[in-house]
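Report on the following structure.
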Amino acid sequence: MTPRIVDIWVYLAATPLLGLTITLAAYLGAYWIYERSGFNPLLNPVALAIIALVAALKATGTQYQTYFDGAQFVHFLLGPATVALAVPLFAQLDRVRRLFVPLAGALIVGSVTAIVSAVAIAWALGVSESSLLSLAPKSVTAPIAMGISEKIGGIPSLTAVLVVATGISGAVMAKYVLDALGIRDYGVRGFALGVASHGIGTARAFQVSEEAGAFAGLGMGLNGVATAILMPLMLVAWRSF
Amino acid sequence: MLGALTVLLLYQLVGEVLVHVLALPVPGPVVGMLALFLTLRARGDLPAPLRETATGILQHLSLLFVPAGTGVMVHFARVSGEWLPIVAALLASTALAIAAAALAMRLLMRYGAAQRKGEK
């Protein structure tokens with residue numbers, strides 16, 4: 001009897017089905033807890049799902065690469081999801097047009113702050129150069145950040161992890177930071193969250209309000225473009241300095 | 001829904017092709033997003049199926065980051081000595097970026113409102 005179970009396990013572990021299924025199951029379970037808590041930012045569903053998955057993979061001795069062979073189908077959807085951001089952007093077009101100057105200003109300030117403060121603090125704490133370069137594009141969405149990291153000499157897969165960590169921490173702390181500053185406008189709250197913590201921040205913003213979500217999506221998209229252009233220039237300036 | 005999904009993939013494809021042909025420094029999906037946005041502007045309206053599909057995907061956008069985030073298990077060992085400073089920098093920088101972007105936007109909105117008042 002036992003060998004047959006092992007056979008089934010070996011078969012399942014070799015197909016993408018398992019990685020895909022446990023990703024969705026872990027996320028649904030995490031989301032259920034998050035929903036039950038009244039969308040408490042501290043119970044971020046991405047963080048909970050990752051903790052559950054890492055625990056399950058470690059417990060079964062499964063390699064990350066084996067898991068990712070299945071989970072890559074979910075990962076792939078980041079591309080079409082980025083394209084889909086055009087939709088909320090278009091829906092908020094009137095407000096975006098009226099707020100052109102404040103949005104452009106907030107984008108540049110937020111984008112530069114995210115890069116410079118991360119690198120400066122990590123550098124002061126003695127972090128190695130390859131980790132610094134992997135950390136620099138952390139505030140933009142995964143596919144963009146990984147592309148930038150590769151281009152400037154970081155480790156793309158480490159960048160992916162740091163991007164997710166940034167997204168989670170932004171989604172968790174945004175409410176407290178913005179409340180402390182007395183910022184109530186959902187457009188401003190969403191935009192700041194999207195610029196600083198990309199898609200996970202945007203997902204959090206959509207759960208709070210449609211308007212915040214649209215502005216977060218806009219902030220995420222614009223910061224993706226801004227960082228992709230600013231980062232190589234900043235690096236050249238830094239190296240020649 | 002299938003049609004809308006095809007549209008999203010098609011624009012991503014257009015974005016990827018443009019990035020390669022023109023050697024742009026930006027990733028393909030971002031160019032795809034800009035192209036779709038410009039198409040919607042030219043059309044002047046948003047087809048209902050596209051709106052529903054896009055909203056559906058974006059509502060669970062955070063799910064899409066789970067596979068990459070699980071990669072943390074590979075990096076435990078690689079940078080084990082550096083985790084604390086990296087996490088500290090990441091948390092502080094994220095809080096600073098949120099605060100800086102929000103304050104800059106509020107300041108510029110107030111400045112714009114004051115100017116419009118002055119013109120009247």
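Order determines the names: the first chain of the structure tokens is A, the second B, and so forth; residues in each chain are numbered 1 upward, and ligands are numbered 1 upward as they are shown.
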Could you write out as a ChimeraX atom specification the residues of chain B within 7 Å of chain A, counting only C-alpha atoms? /B:8-9,12,25-27,29-30,32-34,36-37,51,54,57-75,82,85-86,89-91,93-102,104-105,108-109
Same residues, N, CA and C atoms, output as a short mmCIF file (atom, residue, chain, number, x, y, z; two decimals), in the first residue's frame:
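Output contents, as saved in part_23.cif:
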data_model
loop_
_atom_site.label_atom_id
_atom_site.label_comp_id
_atom_site.auth_asym_id
_atom_site.auth_seq_id
_atom_site.Cartn_x
_atom_site.Cartn_y
_atom_site.Cartn_z
N LEU B 8 -5.86 41.72 -23.18
CA LEU B 8 -4.76 42.02 -22.24
C LEU B 8 -3.46 41.35 -22.70
N LEU B 9 -3.56 40.08 -23.10
CA LEU B 9 -2.37 39.36 -23.55
C LEU B 9 -1.81 39.97 -24.84
N GLN B 12 0.05 43.06 -24.03
CA GLN B 12 1.34 42.71 -23.42
C GLN B 12 2.33 42.30 -24.50
N PRO B 25 14.14 50.97 -22.24
CA PRO B 25 14.62 50.53 -20.93
C PRO B 25 13.48 50.04 -20.02
N VAL B 26 12.24 50.09 -20.50
CA VAL B 26 11.07 49.76 -19.67
C VAL B 26 10.58 48.35 -20.00
N PRO B 27 10.01 47.63 -19.02
CA PRO B 27 9.49 46.30 -19.31
C PRO B 27 8.25 46.31 -20.22
N PRO B 29 5.21 44.79 -20.23
CA PRO B 29 3.84 45.00 -19.73
C PRO B 29 3.52 46.48 -19.47
N VAL B 30 4.54 47.26 -19.10
CA VAL B 30 4.29 48.69 -18.84
C VAL B 30 3.97 49.41 -20.16
N GLY B 32 2.71 47.90 -22.70
CA GLY B 32 1.38 47.37 -23.03
C GLY B 32 0.28 48.15 -22.32
N MET B 33 0.52 48.48 -21.04
CA MET B 33 -0.45 49.25 -20.27
C MET B 33 -0.66 50.62 -20.90
N LEU B 34 0.44 51.30 -21.26
CA LEU B 34 0.33 52.62 -21.88
C LEU B 34 -0.40 52.52 -23.21
N LEU B 36 -2.65 50.25 -24.13
CA LEU B 36 -4.08 50.01 -23.88
C LEU B 36 -4.75 51.30 -23.41
N PHE B 37 -4.07 52.04 -22.55
CA PHE B 37 -4.62 53.31 -22.07
C PHE B 37 -4.87 54.27 -23.24
N ARG B 51 -13.73 45.93 -18.53
CA ARG B 51 -13.79 46.48 -17.19
C ARG B 51 -13.93 45.39 -16.15
N ALA B 54 -10.66 43.18 -15.97
CA ALA B 54 -9.56 43.92 -15.35
C ALA B 54 -9.80 44.06 -13.84
N ILE B 57 -9.11 40.70 -12.09
CA ILE B 57 -7.68 40.39 -11.93
C ILE B 57 -7.07 41.28 -10.85
N LEU B 58 -7.40 42.57 -10.90
CA LEU B 58 -6.76 43.52 -9.98
C LEU B 58 -7.20 43.31 -8.54
N GLN B 59 -8.43 42.77 -8.36
CA GLN B 59 -8.88 42.54 -6.99
C GLN B 59 -8.02 41.50 -6.28
N HIS B 60 -7.47 40.57 -7.07
CA HIS B 60 -6.61 39.56 -6.46
C HIS B 60 -5.18 39.68 -6.95
N LEU B 61 -4.79 40.92 -7.22
CA LEU B 61 -3.44 41.19 -7.67
C LEU B 61 -2.40 40.62 -6.70
N SER B 62 -2.71 40.68 -5.41
CA SER B 62 -1.70 40.25 -4.44
C SER B 62 -1.41 38.75 -4.53
N LEU B 63 -2.38 37.96 -5.01
CA LEU B 63 -2.14 36.52 -5.20
C LEU B 63 -0.94 36.30 -6.12
N LEU B 64 -0.82 37.14 -7.14
CA LEU B 64 0.20 36.94 -8.18
C LEU B 64 1.63 37.09 -7.64
N PHE B 65 1.76 37.71 -6.46
CA PHE B 65 3.10 37.90 -5.88
C PHE B 65 3.51 36.73 -4.97
N VAL B 66 2.58 35.83 -4.72
CA VAL B 66 2.88 34.74 -3.79
C VAL B 66 4.01 33.82 -4.28
N PRO B 67 3.99 33.37 -5.55
CA PRO B 67 5.09 32.48 -5.99
C PRO B 67 6.48 33.14 -5.85
N ALA B 68 6.61 34.40 -6.24
CA ALA B 68 7.91 35.09 -6.13
C ALA B 68 8.29 35.25 -4.66
N GLY B 69 7.32 35.59 -3.82
CA GLY B 69 7.59 35.80 -2.40
C GLY B 69 8.04 34.52 -1.70
N THR B 70 7.49 33.40 -2.14
CA THR B 70 7.88 32.12 -1.54
C THR B 70 9.36 31.83 -1.79
N GLY B 71 9.92 32.48 -2.80
CA GLY B 71 11.35 32.37 -3.09
C GLY B 71 12.23 32.82 -1.93
N VAL B 72 11.63 33.43 -0.92
CA VAL B 72 12.38 33.83 0.27
C VAL B 72 13.12 32.63 0.86
N MET B 73 12.56 31.43 0.69
CA MET B 73 13.19 30.25 1.28
C MET B 73 14.56 29.94 0.67
N VAL B 74 14.75 30.34 -0.59
CA VAL B 74 16.04 30.11 -1.25
C VAL B 74 17.09 31.08 -0.73
N HIS B 75 16.61 32.29 -0.34
CA HIS B 75 17.56 33.34 0.03
C HIS B 75 17.88 33.39 1.51
N GLU B 82 23.01 39.26 6.40
CA GLU B 82 22.60 40.63 6.06
C GLU B 82 21.12 40.90 6.26
N PRO B 85 19.98 44.23 8.61
CA PRO B 85 20.09 45.55 7.99
C PRO B 85 19.21 45.72 6.75
N ILE B 86 19.07 44.66 5.95
CA ILE B 86 18.23 44.78 4.75
C ILE B 86 16.78 45.04 5.14
N ALA B 89 16.36 48.59 6.51
CA ALA B 89 16.38 49.59 5.45
C ALA B 89 15.07 49.55 4.67
N LEU B 90 14.59 48.35 4.42
CA LEU B 90 13.38 48.18 3.64
C LEU B 90 12.16 48.79 4.36
N LEU B 91 12.03 48.51 5.65
CA LEU B 91 10.88 49.02 6.40
C LEU B 91 10.94 50.54 6.52
N SER B 93 12.57 52.69 4.67
CA SER B 93 12.45 53.34 3.37
C SER B 93 11.01 53.31 2.85
N THR B 94 10.29 52.22 3.12
CA THR B 94 8.90 52.14 2.65
C THR B 94 8.04 53.18 3.38
N ALA B 95 8.23 53.30 4.69
CA ALA B 95 7.48 54.30 5.45
C ALA B 95 7.81 55.71 4.95
N LEU B 96 9.10 55.97 4.71
CA LEU B 96 9.53 57.29 4.23
C LEU B 96 8.93 57.59 2.86
N ALA B 97 8.94 56.59 1.96
CA ALA B 97 8.42 56.81 0.61
C ALA B 97 6.92 57.10 0.62
N ILE B 98 6.18 56.37 1.44
CA ILE B 98 4.73 56.62 1.54
C ILE B 98 4.50 58.04 2.04
N ALA B 99 5.20 58.41 3.13
CA ALA B 99 5.03 59.73 3.73
C ALA B 99 5.44 60.83 2.75
N ALA B 100 6.59 60.65 2.09
CA ALA B 100 7.10 61.70 1.19
C ALA B 100 6.15 61.91 0.01
N ALA B 101 5.70 60.81 -0.60
CA ALA B 101 4.80 60.94 -1.76
C ALA B 101 3.48 61.59 -1.34
N ALA B 102 2.92 61.18 -0.20
CA ALA B 102 1.64 61.72 0.24
C ALA B 102 1.76 63.21 0.59
N ALA B 104 4.04 65.37 -0.49
CA ALA B 104 4.30 66.15 -1.71
C ALA B 104 3.00 66.37 -2.48
N MET B 105 2.20 65.32 -2.57
CA MET B 105 0.95 65.45 -3.33
C MET B 105 -0.02 66.41 -2.64
N LEU B 108 1.19 70.05 -3.12
CA LEU B 108 0.96 70.57 -4.47
C LEU B 108 -0.53 70.77 -4.76
N MET B 109 -1.38 69.92 -4.16
CA MET B 109 -2.82 70.11 -4.35
C MET B 109 -3.28 71.40 -3.68
#
Interatomic distance between atom CA of Arg97 of chain A and atom CA of Asp179 of chain A?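 Atom CA of Asp179 of chain A lies at a distance of 26.2 Å from atom CA of Arg97 of chain A.
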For Ile152 of chain A, which residue out of A:Leu42, A:Val140, A:Leu230, A:Leu133 is the nearest one, using only C-alpha atoms?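 Comparing A:Leu42, A:Val140, A:Leu230, A:Leu133 against Ile152 of chain A, the winner is A:Leu133.
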Nearest to Leu5 of chain B, chosen from B:Pro49, B:Gly28, B:Gly112, B:Gly44, with only C-alpha atoms counted in the distances: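 Residue with the minimum atom-to-atom distance to Leu5 of chain B: B:Pro49.
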